[in-house]
Structure formats: C-alpha cells, structure tokens
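Next comes coords_15.txt, a file with compact mmCIF, C-alpha atoms and all ligand atoms.
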# COMPACT_ATOMS: atom_id res chain seq x y z
CA MET A 109 -151.10 -8.42 -58.27
CA VAL A 110 -149.52 -11.85 -58.67
CA MET A 111 -148.49 -12.01 -55.03
CA ALA A 112 -152.03 -11.14 -53.90
CA GLN A 113 -153.58 -13.61 -56.33
CA ASN A 114 -151.44 -16.30 -54.76
CA GLY A 115 -152.55 -15.61 -51.23
CA ARG A 116 -149.69 -13.37 -50.01
CA ASP A 117 -150.82 -10.45 -47.84
CA THR A 118 -149.82 -7.66 -50.27
CA THR A 119 -150.09 -3.88 -50.25
CA LEU A 120 -149.42 -1.69 -53.29
CA TRP A 121 -148.04 1.67 -52.14
CA GLY A 122 -147.53 4.79 -54.27
CA ARG A 123 -146.65 8.39 -53.46
CA SER A 124 -149.57 10.14 -55.14
CA GLY A 125 -152.76 10.37 -53.09
CA ASP A 126 -154.86 11.07 -56.19
CA THR A 127 -153.41 8.19 -58.19
CA MET A 128 -153.78 5.71 -55.35
CA ALA A 129 -157.33 6.91 -54.57
CA GLN A 130 -158.22 6.35 -58.22
CA MET A 131 -156.70 2.86 -58.13
CA MET A 132 -158.61 2.10 -54.91
CA ALA A 133 -161.87 3.25 -56.46
CA LEU A 134 -161.44 1.57 -59.85
CA ARG A 135 -159.51 -1.47 -58.54
CA GLU A 136 -157.25 -1.11 -61.55
CA ASN A 137 -154.09 0.74 -62.67
CA THR A 138 -155.73 2.41 -65.65
CA ARG A 139 -152.53 4.23 -66.71
CA HIS A 140 -150.15 1.29 -66.91
CA LEU A 141 -152.25 -1.90 -66.83
CA PRO A 142 -155.66 -1.02 -68.25
CA GLY A 143 -158.20 -3.84 -68.35
CA MET A 144 -156.40 -5.85 -65.66
CA PRO A 145 -158.47 -5.72 -62.48
CA PHE A 146 -156.71 -5.99 -59.13
CA PRO A 147 -157.33 -9.17 -57.14
CA ASP A 148 -159.89 -8.45 -54.39
CA CYS A 149 -157.35 -9.04 -51.63
CA LEU A 150 -154.73 -6.57 -52.95
CA LYS A 151 -154.57 -3.58 -50.61
CA VAL A 152 -153.84 -0.18 -52.16
CA SER A 153 -152.55 2.82 -50.21
CA ASP A 154 -150.65 6.10 -50.31
CA ASP A 155 -149.81 5.73 -46.62
CA ILE A 156 -146.27 4.38 -46.23
CA ASP A 157 -147.11 3.26 -42.67
CA GLN A 158 -149.19 0.49 -44.24
CA ILE A 159 -145.94 -1.38 -44.89
CA GLN A 160 -145.20 -1.48 -41.16
CA ASN A 161 -146.07 -5.19 -40.79
CA LYS A 162 -144.37 -6.25 -44.03
CA ALA A 163 -141.12 -8.18 -43.86
CA VAL A 164 -140.45 -7.89 -47.60
CA VAL A 165 -140.67 -4.70 -49.69
CA LEU A 166 -140.34 -4.69 -53.49
CA LEU A 167 -138.90 -1.39 -54.73
CA ALA A 168 -140.24 -0.75 -58.24
CA VAL A 169 -139.30 2.83 -59.05
CA PRO A 170 -136.98 4.14 -61.77
CA THR A 171 -133.32 3.86 -60.78
CA GLN A 172 -132.78 7.64 -60.78
CA SER A 173 -135.58 7.98 -58.15
CA LEU A 174 -134.42 5.15 -55.89
CA ARG A 175 -132.11 7.23 -53.69
CA SER A 176 -134.76 9.84 -52.91
CA VAL A 177 -137.40 7.16 -52.16
CA LEU A 178 -135.00 5.44 -49.74
CA GLU A 179 -133.99 8.72 -48.11
CA SER A 180 -137.60 9.82 -47.68
CA HIS A 181 -138.66 6.54 -46.05
CA ALA A 182 -135.42 5.37 -44.44
CA SER A 183 -136.91 4.82 -40.98
CA ARG A 184 -139.60 2.48 -42.40
CA LEU A 185 -137.32 0.58 -44.77
CA HIS A 186 -134.05 0.02 -42.94
CA ASP A 187 -135.05 -3.23 -41.22
CA ARG A 188 -136.91 -4.92 -44.12
CA MET A 189 -135.80 -7.29 -46.85
CA LEU A 190 -135.57 -4.84 -49.77
CA VAL A 191 -136.05 -6.43 -53.18
CA VAL A 192 -134.95 -4.02 -55.90
CA CYS A 193 -136.69 -4.31 -59.26
CA CYS A 194 -134.93 -1.36 -60.94
CA LYS A 195 -132.84 -2.01 -64.04
CA GLY A 196 -130.39 0.82 -64.35
CA MET A 197 -127.32 2.58 -63.00
CA GLU A 198 -127.43 5.83 -61.09
CA ARG A 199 -126.16 8.85 -63.02
CA GLY A 200 -123.44 10.74 -61.16
CA THR A 201 -122.26 7.81 -59.03
CA GLY A 202 -122.38 4.89 -61.49
CA HIS A 203 -123.95 2.90 -58.66
CA SER A 204 -126.16 -0.14 -59.10
CA ALA A 205 -129.47 -0.21 -57.22
CA THR A 206 -128.07 -2.31 -54.37
CA GLU A 207 -125.11 0.05 -54.05
CA VAL A 208 -127.57 2.94 -53.71
CA VAL A 209 -129.41 0.99 -50.98
CA GLU A 210 -126.13 0.27 -49.20
CA ALA A 211 -125.17 3.96 -49.38
CA VAL A 212 -128.47 5.17 -47.91
CA LEU A 213 -129.26 2.26 -45.56
CA PRO A 214 -125.93 0.63 -44.62
CA GLY A 215 -126.36 -3.02 -43.67
CA ALA A 216 -129.87 -3.35 -45.14
CA ARG A 217 -130.84 -6.82 -46.40
CA THR A 218 -131.23 -6.74 -50.19
CA ALA A 219 -132.10 -8.90 -53.17
CA VAL A 220 -132.47 -8.14 -56.87
CA LEU A 221 -135.44 -9.29 -58.93
CA THR A 222 -134.57 -9.11 -62.61
CA GLY A 223 -134.88 -10.95 -65.91
CA PRO A 224 -137.11 -10.94 -69.00
CA SER A 225 -140.55 -9.77 -67.93
CA PHE A 226 -143.04 -7.14 -68.98
CA ALA A 227 -145.30 -6.03 -66.15
CA ALA A 228 -148.36 -6.63 -68.33
CA ASP A 229 -147.35 -10.26 -68.97
CA ILE A 230 -146.82 -10.96 -65.27
CA ALA A 231 -150.06 -9.22 -64.30
CA ALA A 232 -151.93 -11.31 -66.87
CA GLY A 233 -150.55 -14.47 -65.26
CA LYS A 234 -148.49 -15.43 -68.30
CA PRO A 235 -145.61 -17.84 -67.55
CA THR A 236 -142.46 -15.91 -66.65
CA ALA A 237 -139.00 -16.88 -65.39
CA LEU A 238 -136.84 -14.42 -63.45
CA THR A 239 -133.53 -14.20 -61.61
CA LEU A 240 -133.42 -13.52 -57.87
CA ALA A 241 -129.90 -12.38 -56.98
CA THR A 242 -128.95 -12.18 -53.33
CA ASN A 243 -126.40 -13.25 -50.73
CA ASP A 244 -128.96 -13.19 -47.96
CA PRO A 245 -128.92 -16.32 -45.77
CA GLU A 246 -132.70 -16.64 -46.22
CA ALA A 247 -132.49 -16.54 -50.04
CA GLU A 248 -134.36 -19.80 -50.55
CA GLY A 249 -137.26 -18.67 -48.38
CA LEU A 250 -137.51 -15.47 -50.40
CA GLN A 251 -137.34 -17.44 -53.65
CA ALA A 252 -140.27 -19.58 -52.49
CA LEU A 253 -142.22 -16.56 -51.24
CA LEU A 254 -141.94 -14.70 -54.54
CA SER A 255 -142.47 -17.71 -56.83
CA THR A 256 -145.93 -18.74 -57.95
CA PRO A 257 -147.19 -21.45 -60.33
CA ARG A 258 -146.71 -18.96 -63.21
CA LEU A 259 -143.68 -17.01 -61.93
CA ARG A 260 -140.53 -19.09 -61.63
CA LEU A 261 -137.52 -17.57 -59.86
CA TYR A 262 -133.96 -18.83 -60.27
CA LEU A 263 -131.45 -17.97 -57.53
CA THR A 264 -127.94 -16.61 -57.98
CA ASN A 265 -125.34 -15.08 -55.67
CA ASP A 266 -123.96 -12.86 -58.43
CA VAL A 267 -125.69 -9.64 -57.42
CA VAL A 268 -123.29 -7.43 -59.40
CA GLY A 269 -123.55 -9.47 -62.60
CA ALA A 270 -127.34 -9.79 -62.47
CA GLN A 271 -127.75 -6.04 -62.04
CA LEU A 272 -125.29 -5.19 -64.79
CA GLY A 273 -127.14 -7.50 -67.18
CA GLY A 274 -130.48 -5.85 -66.41
CA ALA A 275 -129.06 -2.34 -66.74
CA LEU A 276 -126.83 -2.74 -69.80
CA LYS A 277 -129.34 -4.61 -71.93
CA ASN A 278 -131.47 -1.45 -71.91
CA VAL A 279 -128.65 0.51 -73.56
CA ILE A 280 -128.20 -2.17 -76.21
CA ALA A 281 -131.98 -2.18 -76.78
CA ILE A 282 -131.86 1.55 -77.52
CA ALA A 283 -129.06 0.86 -80.03
CA ALA A 284 -131.13 -1.95 -81.57
CA GLY A 285 -134.13 0.36 -81.84
CA ILE A 286 -132.04 3.09 -83.45
CA ALA A 287 -130.79 0.60 -86.05
CA ILE A 288 -134.30 -0.54 -86.94
CA GLY A 289 -135.79 2.96 -86.74
CA ALA A 290 -133.13 4.33 -89.07
CA GLY A 291 -133.76 1.54 -91.57
CA LEU A 292 -130.34 -0.06 -91.13
CA GLY A 293 -131.89 -3.54 -91.13
CA GLU A 294 -132.22 -6.59 -88.91
CA SER A 295 -128.68 -7.77 -89.68
CA ALA A 296 -127.39 -4.55 -88.12
CA ARG A 297 -129.61 -5.17 -85.08
CA ALA A 298 -128.23 -8.70 -84.70
CA ALA A 299 -124.69 -7.34 -84.92
CA LEU A 300 -125.40 -4.71 -82.26
CA MET A 301 -127.01 -7.27 -79.96
CA THR A 302 -124.06 -9.63 -80.33
CA ARG A 303 -121.30 -7.06 -80.00
CA GLY A 304 -123.33 -5.37 -77.26
CA PHE A 305 -123.43 -8.69 -75.42
CA ALA A 306 -119.63 -8.97 -75.75
CA GLU A 307 -119.39 -5.46 -74.34
CA MET A 308 -121.64 -6.41 -71.42
CA GLY A 309 -119.27 -9.32 -70.74
CA ARG A 310 -116.25 -7.01 -70.58
CA LEU A 311 -117.93 -4.68 -68.11
CA VAL A 312 -119.16 -7.56 -65.95
CA ALA A 313 -115.62 -8.97 -65.82
CA ALA A 314 -114.13 -5.54 -65.09
CA ARG A 315 -116.49 -5.17 -62.12
CA GLY A 316 -115.50 -8.55 -60.69
CA ALA A 317 -118.73 -10.38 -61.53
CA LYS A 318 -119.18 -13.65 -63.44
CA ARG A 319 -119.56 -13.60 -67.22
CA GLU A 320 -121.62 -16.81 -66.92
CA THR A 321 -124.35 -14.80 -65.20
CA LEU A 322 -124.92 -13.05 -68.52
CA PHE A 323 -125.85 -16.39 -70.12
CA GLY A 324 -128.90 -16.52 -67.84
CA LEU A 325 -132.24 -14.77 -67.63
CA SER A 326 -130.81 -11.52 -66.29
CA GLY A 327 -128.43 -11.17 -69.24
CA PHE A 328 -129.10 -13.01 -72.50
CA GLY A 329 -132.76 -13.57 -71.62
CA ASP A 330 -133.55 -9.93 -71.02
CA LEU A 331 -131.33 -8.71 -73.88
CA VAL A 332 -133.30 -10.80 -76.36
CA LEU A 333 -136.68 -9.70 -74.98
CA THR A 334 -135.85 -6.02 -74.83
CA CYS A 335 -134.11 -5.81 -78.21
CA THR A 336 -136.88 -7.60 -80.09
CA SER A 337 -140.25 -6.69 -78.52
CA THR A 338 -142.00 -3.41 -79.20
CA GLN A 339 -143.50 -3.75 -75.72
CA SER A 340 -140.07 -2.52 -74.59
CA ARG A 341 -139.87 1.20 -73.90
CA ASN A 342 -136.12 1.17 -74.47
CA LEU A 343 -136.56 -0.36 -77.91
CA ARG A 344 -139.39 2.08 -78.71
CA HIS A 345 -137.23 5.01 -77.60
CA GLY A 346 -134.47 3.85 -79.95
CA LEU A 347 -136.96 3.37 -82.78
CA ALA A 348 -138.12 6.97 -82.36
CA VAL A 349 -134.56 8.34 -82.21
CA GLY A 350 -133.52 6.33 -85.28
CA ALA A 351 -136.58 7.44 -87.25
CA GLU A 352 -136.18 11.03 -86.04
CA GLN A 353 -139.67 10.90 -84.56
CA PRO A 354 -140.66 12.73 -81.35
CA ILE A 355 -139.83 10.87 -78.15
CA ASP A 356 -142.25 10.53 -75.23
CA PRO A 357 -140.61 12.50 -72.37
CA ALA A 358 -142.97 11.01 -69.75
CA MET A 359 -141.97 7.43 -70.48
CA THR A 360 -139.46 5.71 -68.20
CA VAL A 361 -136.51 4.72 -70.43
CA GLU A 362 -133.81 3.39 -68.10
CA GLY A 363 -131.23 2.93 -70.87
CA VAL A 364 -130.80 6.66 -71.45
CA MET A 365 -129.38 7.55 -68.02
CA THR A 366 -127.65 4.18 -67.80
CA ALA A 367 -125.79 4.82 -71.07
CA HIS A 368 -124.57 8.16 -69.71
CA ALA A 369 -123.78 6.69 -66.27
CA VAL A 370 -121.74 3.84 -67.74
CA ALA A 371 -119.96 6.03 -70.30
CA GLU A 372 -119.06 8.56 -67.60
CA ALA A 373 -117.95 5.99 -64.99
CA SER A 374 -115.97 3.56 -67.18
CA SER A 375 -113.41 5.66 -69.01
CA GLY A 376 -110.87 2.85 -69.45
CA ASP A 377 -113.26 0.12 -70.63
CA ASP A 378 -113.83 -0.94 -74.22
CA LEU A 379 -117.54 -0.11 -74.62
CA PRO A 380 -118.03 1.23 -78.15
CA VAL A 381 -121.79 0.63 -78.45
CA THR A 382 -122.65 2.10 -75.05
CA ARG A 383 -120.40 5.13 -75.62
CA MET A 384 -121.93 5.72 -79.03
CA VAL A 385 -125.50 5.49 -77.67
CA SER A 386 -124.59 8.01 -74.97
CA ALA A 387 -122.93 10.38 -77.49
CA LEU A 388 -125.85 10.10 -79.90
CA LEU A 389 -128.44 10.77 -77.21
CA LYS A 390 -126.40 13.81 -76.08
CA HIS A 391 -126.36 14.99 -79.73
CA GLN A 392 -122.57 14.92 -79.71
CA VAL A 393 -122.57 12.85 -82.92
CA THR A 394 -125.01 12.33 -85.76
CA LEU A 395 -126.34 8.91 -86.65
CA ALA A 396 -124.17 8.85 -89.78
CA GLU A 397 -121.08 9.67 -87.70
CA ALA A 398 -121.99 7.00 -85.15
CA ILE A 399 -122.32 4.32 -87.84
CA ASP A 400 -119.03 5.36 -89.44
CA ALA A 401 -117.25 5.37 -86.09
CA LEU A 402 -118.52 1.87 -85.14
CA MET A 403 -117.78 0.38 -88.57
CA SER A 404 -114.33 1.93 -89.00
CA ARG A 405 -112.86 0.68 -85.73
CA PRO A 406 -109.74 -1.50 -86.15
CA LEU A 407 -110.63 -5.02 -87.26
CA HIS A 408 -110.70 -7.57 -84.43
CA ARG A 409 -110.73 -11.31 -83.94
CA GLU A 410 -113.97 -12.71 -82.52
CA ASP A 411 -112.21 -15.59 -80.77
CA ALA A 412 -109.58 -13.49 -78.98
CA PRO A 413 -109.82 -13.00 -75.24
CA ASP A 414 -110.84 -9.45 -74.37
N1 LIG B 1 -142.67 -2.04 -66.48
C1 LIG B 1 -142.04 -3.18 -66.74
O1 LIG B 1 -142.51 -4.03 -67.53
C2 LIG B 1 -140.75 -3.50 -66.06
C3 LIG B 1 -140.06 -2.54 -65.33
N2 LIG B 1 -138.88 -2.88 -64.72
C4 LIG B 1 -138.10 -1.90 -64.01
O2 LIG B 1 -138.84 -1.36 -62.91
C5 LIG B 1 -138.43 -0.02 -62.64
C6 LIG B 1 -139.66 0.85 -62.60
O3 LIG B 1 -140.25 0.80 -63.88
P1 LIG B 1 -141.79 1.03 -64.14
O4 LIG B 1 -142.61 0.63 -62.98
O5 LIG B 1 -142.11 0.42 -65.44
O6 LIG B 1 -141.76 2.60 -64.28
P2 LIG B 1 -142.99 3.58 -64.37
O7 LIG B 1 -142.45 4.85 -64.87
O8 LIG B 1 -144.11 2.91 -65.08
O9 LIG B 1 -143.45 3.73 -62.85
C7 LIG B 1 -142.58 4.27 -61.96
C8 LIG B 1 -143.29 4.39 -60.63
O10 LIG B 1 -142.34 4.89 -59.72
C9 LIG B 1 -142.94 5.98 -59.03
N3 LIG B 1 -141.93 6.95 -58.63
C10 LIG B 1 -141.05 7.59 -59.42
N4 LIG B 1 -140.30 8.42 -58.66
C11 LIG B 1 -140.73 8.28 -57.39
C12 LIG B 1 -140.37 8.89 -56.16
N5 LIG B 1 -139.36 9.75 -56.09
N6 LIG B 1 -141.05 8.52 -55.05
C13 LIG B 1 -142.04 7.61 -55.13
N7 LIG B 1 -142.42 7.00 -56.26
C14 LIG B 1 -141.77 7.35 -57.38
C15 LIG B 1 -143.94 6.60 -59.99
O11 LIG B 1 -144.91 7.26 -59.24
P3 LIG B 1 -145.95 8.31 -59.89
O12 LIG B 1 -146.95 7.47 -60.62
O13 LIG B 1 -146.47 8.99 -58.70
O14 LIG B 1 -145.14 9.18 -60.81
C16 LIG B 1 -144.48 5.34 -60.69
O15 LIG B 1 -145.53 4.79 -59.92
C17 LIG B 1 -137.48 0.37 -63.78
O16 LIG B 1 -136.16 0.28 -63.33
C18 LIG B 1 -137.74 -0.68 -64.86
O17 LIG B 1 -136.60 -0.94 -65.65
C19 LIG B 1 -138.39 -4.14 -64.77
C20 LIG B 1 -139.05 -5.12 -65.47
C21 LIG B 1 -140.26 -4.87 -66.17
O1 LIG B 2 -137.03 -4.79 -68.38
C1 LIG B 2 -137.99 -4.97 -69.09
C2 LIG B 2 -138.29 -6.28 -69.67
O2 LIG B 2 -137.60 -7.30 -69.01
C3 LIG B 2 -138.84 -3.82 -69.47
O3 LIG B 2 -138.25 -3.23 -70.54
P1 LIG B 2 -138.55 -1.69 -70.89
O4 LIG B 2 -138.20 -0.89 -69.67
O5 LIG B 2 -137.67 -1.42 -72.05
O6 LIG B 2 -140.01 -1.61 -71.23

Could you render the structure as structure tokens?
Ligand SMILES: NC(=O)C1=CN([C@@H]2O[C@H](COP(=O)(O)OP(=O)(O)OC[C@H]3O[C@@H](n4cnc5c(N)ncnc54)[C@H](OP(=O)(O)O)[C@@H]3O)[C@@H](O)[C@H]2O)C=CC1
Ligand SMILES: O=C(CO)COP(=O)(O)O
Amino acid sequence: MVMAQNGRDTTLWGRSGDTMAQMMALRENTRHLPGMPFPDCLKVSDDIDQIQNKAVVLLAVPTQSLRSVLESHASRLHDRMLVVCCKGMERGTGHSATEVVEAVLPGARTAVLTGPSFAADIAAGKPTALTLATNDPEAEGLQALLSTPRLRLYLTNDVVGAQLGGALKNVIAIAAGIAIGAGLGESARAALMTRGFAEMGRLVAARGAKRETLFGLSGFGDLVLTCTSTQSRNLRHGLAVGAEQPIDPAMTVEGVMTAHAVAEASSGDDLPVTRMVSALLKHQVTLAEAIDALMSRPLHREDAPD
C-alpha cells in the first residue's frame, strides 16, 4: 500500500482466488487491515504471472511457508531481487529466511526487510524506521526504492545478525507475555527482556554475526516493540499461555516455531529463556517448573564476557 501510494508500480499477489477477488472488489484487506482502503493504483491479483515485469519482490509469508512458496514459483522468482520480510527460523533446518532462499534458488539476489513495524501502522502512513540488510551491490538503490517520506530504511551488511534479531525477539516476546499473563509482574518482564537480549547476543556471536547489529532497529528496536505492545501477536500468544486462556490457532505466531527451531539447532549454546519457552510450549514443563528452573540457575556476573 505504501509503495503504491508513493508512485511505485505495485502488485499485491496472494494464493487464494477468493481472497484476492474479494480484495479486488472491496479495495481493502478486510481480514487484516479493515478500514484501510487500498490506494487506487495498487494492483491486486492471484495470478503469479503478474509479477513478470517486477524487478523487486517482497516475500511476506510466514517463515514456515517460505520454502513451499519459493519451490512453487521458482521459475518466476529466481531472477528477481527477493526481499524477505519473514521474522523466524525454519523448523527442521534451523535456517534463516535467506538461507531458505539460497537452498531453493541458489545465487538469488536477496535482502531482508526487518525492524519494529506493525503492518497496520505502516499502512496508515505512520512514521516507521526499518533495517534493510543486504550485501547486494545495488543496496542503496533498493534502500531508496523502498523508502518513502514516512518509511525510513537504514542499511546494514549484517544479514545474519538482522535476521536473528527479528526472529529471536519473537521468542522473548512470548516469554514476556507469559510473565504478564501469569501475573508475575512487569519487573519479571523487564528481566526476561534484558536476559533475553543477552541471550540473543550470544547466539548472534555464535553464528558469526555482529552483536552491534542487535543495538539497532532489527534487534533492540523490535524487541521493545514486540515485548510491550498488545498489537504483537507473539506477546498476545504469551499472554494467553500465561493466563491459561485459549490460544488462537489461526494466528501467525512466529516465535513458537522459532523457539523450537533454535532450541533444537543450538544444543551447545547458553539459551535458557528460549529453551524454557520451547519446553513450556511443548508442555514438557509447567509454568511453576519453568520459573523455578530459570531462577535457580547458578548465580552469574552481569559484567562477565559470555
Ligand atoms: N503483520 C505484521 O505486522 C508484521 C509481520 N511481519 C512478518 O511477516 C511475515 C508474515 O506475517 P503476516 O503477513 O503478518 O502473516 P499473516 O498470517 O497475516 O499472513 C500470511 C500470508 O501468507 C500467506 N501464505 C501462507 N502460506 C502460504 C503459502 N504456502 N503460499 C502462499 N501464501 C501463503 C497467507 O495466505 P492466505 O491468506 O491465503 O492464507 C497470508 O496472506 C511473518 O514472518 C511476520 O513475522 C513482520 C513485521 C510486521
Ligand atoms: O514483527 C512485528 C513487529 O515488528 C510483528 O510482531 P507480531 O508478529 O508479534 O505481531
């Protein structure tokens, strides 16, 4: 919507003929962005061939669906600049979104669009700042193409770090939601956010990325947004789990699969919060056991190198 509003020739594609026909007729995404009419010039289609003349494709599907989308449309996507918007890690492989792209479409040009941003805020034209992570030689052109007067993109080369920040903050947001939902208090949430951030730093370093990347929009920025706003589905999922309320199975909650993916793929790393979220969501521990286990770990220094 923002790209079209700002004069870019933009097509919104989706797999469901019925859903896209409804969007075409109503000129609105009534399910996810009700009350936000599409700009007149935004094209809407369920025909993937409509992207044939597009140099840049934004991939905005849940991480666990990315591989099948790429496999289904490989011949149309392999020669485009693919901008991944997913914030998660693939269960089974532990791959980031760009690693999934590389596995399915070797040599494809990629970038990652991440950072603190709710779709509804961006669609409403509210000021937003994001990270664009890429090593593509035309990075600055892409940054200019995707920036608008209300959407400000910052470039980085740290593709691994930016993706880990966007994926791991969802797990910590579930933990934060559990703490609030279970009535453990805001001090407990602050502790989980802070120790979760330390944990994110250890994993970023272990994967050869830069810890400094986590100080930016894709790390600290998105961690704060997701752990504190009830617009966040990951936070809301945690709130429901903590309060022992029913969860919405239709809602995309990236942190669930990401917690399992990270816990399963990082056996040697020190990731107590992520492991506990994964164990709790698998019903391997109760909430009381999880709290006891986190609080009874050996005492540490905060100023010691990890
Ligand atoms: N929503 C937000 O505010 C933000 C989301 N993100 C990230 O963007 C990614 C997508 O999230 P979001 O858009 O909110 O998720 P939603 O669940 O709202 O939408 C997912 C979309 O992906 C489509 N989809 C799912 N599987 C497939 C498939 N196999 N083939 C084709 N299309 C598929 C769905 O199609 P259908 O409708 O037909 O089921 C749906 O249109 C996530 O990684 C999320 O973390 C990042 C920042 C903000
Ligand atoms: O990534 C997001 C905000 O930056 C969206 O968060 P949720 O997926 O938790 O709604």

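Counting only C-alpha atoms and all ligand atoms, the residue from A:Arg184, A:Arg341, A:Arg409, A:Arg199 that sits nearest to ligand LIG 1 (chain B) is A:Arg341.
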
Quick one: residues within 8 Å of ligand LIG 2 (chain B), with only C-alpha atoms and all ligand atoms, as a JSON list (two decimals) with C-alpha atoms, keeping the file's coordinate frame?
[["chain", "number", "residue", "atom", "x", "y", "z"],
["A", 195, "LYS", "CA", -132.84, -2.01, -64.04],
["A", 222, "THR", "CA", -134.57, -9.11, -62.61],
["A", 223, "GLY", "CA", -134.88, -10.95, -65.91],
["A", 224, "PRO", "CA", -137.11, -10.94, -69.00],
["A", 225, "SER", "CA", -140.55, -9.77, -67.93],
["A", 226, "PHE", "CA", -143.04, -7.14, -68.98],
["A", 227, "ALA", "CA", -145.30, -6.03, -66.15],
["A", 274, "GLY", "CA", -130.48, -5.85, -66.41],
["A", 278, "ASN", "CA", -131.47, -1.45, -71.91],
["A", 281, "ALA", "CA", -131.98, -2.18, -76.78],
["A", 330, "ASP", "CA", -133.55, -9.93, -71.02],
["A", 333, "LEU", "CA", -136.68, -9.70, -74.98],
["A", 334, "THR", "CA", -135.85, -6.02, -74.83],
["A", 339, "GLN", "CA", -143.50, -3.75, -75.72],
["A", 340, "SER", "CA", -140.07, -2.52, -74.59],
["A", 341, "ARG", "CA", -139.87, 1.20, -73.90],
["A", 342, "ASN", "CA", -136.12, 1.17, -74.47],
["A", 343, "LEU", "CA", -136.56, -0.36, -77.91],
["A", 344, "ARG", "CA", -139.39, 2.08, -78.71],
["A", 360, "THR", "CA", -139.46, 5.71, -68.20],
["A", 361, "VAL", "CA", -136.51, 4.72, -70.43],
["A", 362, "GLU", "CA", -133.81, 3.39, -68.10],
["A", 363, "GLY", "CA", -131.23, 2.93, -70.87]]

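Nearest residue to ligand LIG 1 (chain B), choosing from A:Ser176, A:Ser337, A:Gln271, A:Gln392 and counting all atoms listed in the file: A:Ser176.
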
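Among A:Gln158, A:Leu178, A:Ala231, A:Thr206, the residue with the shortest atom-to-atom distance to A:Glu136, counting only C-alpha atoms, is A:Ala231.
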
field: Distance query A:Ala367 at most 12 Å, only C-alpha atoms, self and fewer than 4 positions along chain excluded, as a ChimeraX atom specification
entry: /A:196-200,202,272,275-283,308,342,361-363,371-374,379-390

Restricting to all atoms listed in the file, whichever of A:Pro257, A:Gly122, A:Gly291, A:Pro413 is closest to A:Glu352 is A:Gly291

Leaving out A:Cys193 and any residue of its chain fewer than 5 positions from it, which residues lie within 8 Å of it when counting only C-alpha atoms, given as a PyMOL selection string?
-> chain A and resi 166-169+220-222

Selection near stretch 235-250 of chain A, 7 Å with all atoms listed in the file, sequence-local residues under 6 positions removed, as a PyMOL selection string: chain A and resi 217-225+258-267+270+325-326

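Computed from the coordinates, the atom CA of A:Gln251 to atom CA of A:Thr118 distance equals 16.2 Å.
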
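Across A:Leu253, A:Val268, A:Leu185, A:Ala228, the tightest approach to A:Ser204 is made by A:Val268 when counting all atoms listed in the file.
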
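The gap separating atom CA of A:Ala398 from atom C20 of ligand LIG 1 (chain B) is 28.7 Å, in Å to one decimal.
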
Hey, could you pull the box centre and edge lengths for stretch 234-245 of chain A, axis-aligned, 4 Å padding per side, all listed atoms, to one decimal in Å, as lines of an AutoDock Vina configuration file?
center_x = -137.4
center_y = -15.0
center_z = -57.0
size_x = 30.1
size_y = 13.7
size_z = 30.5

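Distance check against ligand LIG 1 (chain B) using only C-alpha atoms and all ligand atoms: of A:Ala163, A:Cys149, A:Val110, A:Val177, the minimum falls on A:Val177.
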
Atom pair atom CA of A:Thr138 + atom C2 of ligand LIG 1 (chain B), distance 16.1 Å

Test item: residues at most 9 Å from A:Met111, only C-alpha atoms, excluding those fewer than 5 positions along its chain, as a CSV table (one decimal) with C-alpha atoms, in the frame of the given file:
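Result went into selection18.csv, see below:
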chain,number,residue,atom,x,y,z
A,116,ARG,CA,-149.7,-13.4,-50.0
A,117,ASP,CA,-150.8,-10.4,-47.8
A,118,THR,CA,-149.8,-7.7,-50.3
A,150,LEU,CA,-154.7,-6.6,-53.0
A,253,LEU,CA,-142.2,-16.6,-51.2
A,254,LEU,CA,-141.9,-14.7,-54.5
A,255,SER,CA,-142.5,-17.7,-56.8
A,256,THR,CA,-145.9,-18.7,-58.0

Can you take stretch 368-405 of chain A from the block and write C-alpha atoms as a short mmCIF file (atom, residue, chain, number, x, y, z; two decimals), in the first residue's frame?
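File written: out-v5.cif
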data_model
loop_
_atom_site.label_atom_id
_atom_site.label_comp_id
_atom_site.auth_asym_id
_atom_site.auth_seq_id
_atom_site.Cartn_x
_atom_site.Cartn_y
_atom_site.Cartn_z
CA HIS A 368 11.60 -24.93 18.80
CA ALA A 369 13.91 -24.40 15.80
CA VAL A 370 16.51 -22.57 17.88
CA ALA A 371 16.29 -24.97 20.83
CA GLU A 372 16.66 -27.97 18.50
CA ALA A 373 19.51 -26.49 16.40
CA SER A 374 21.67 -24.92 19.14
CA SER A 375 22.36 -27.68 21.64
CA GLY A 376 25.65 -26.24 22.89
CA ASP A 377 24.55 -22.61 23.32
CA ASP A 378 23.53 -20.97 26.58
CA LEU A 379 19.91 -20.03 25.79
CA PRO A 380 17.88 -20.56 28.97
CA VAL A 381 14.90 -18.34 28.11
CA THR A 382 14.47 -19.70 24.58
CA ARG A 383 14.82 -23.31 25.77
CA MET A 384 12.30 -22.73 28.53
CA VAL A 385 9.78 -21.13 26.13
CA SER A 386 10.16 -24.12 23.80
CA ALA A 387 9.76 -26.64 26.67
CA LEU A 388 6.75 -24.80 28.07
CA LEU A 389 5.02 -24.61 24.69
CA LYS A 390 5.68 -28.35 24.20
CA HIS A 391 4.13 -28.95 27.67
CA GLN A 392 7.38 -30.55 28.82
CA VAL A 393 7.41 -28.31 31.91
CA THR A 394 4.78 -26.42 33.86
CA LEU A 395 4.97 -22.67 34.35
CA ALA A 396 5.94 -23.17 38.00
CA GLU A 397 8.77 -25.52 36.97
CA ALA A 398 9.93 -23.07 34.30
CA ILE A 399 10.12 -20.20 36.81
CA ASP A 400 11.97 -22.37 39.33
CA ALA A 401 14.41 -23.57 36.69
CA LEU A 402 15.20 -20.03 35.46
CA MET A 403 15.54 -18.59 38.97
CA SER A 404 17.62 -21.43 40.42
CA ARG A 405 20.36 -21.37 37.79
#
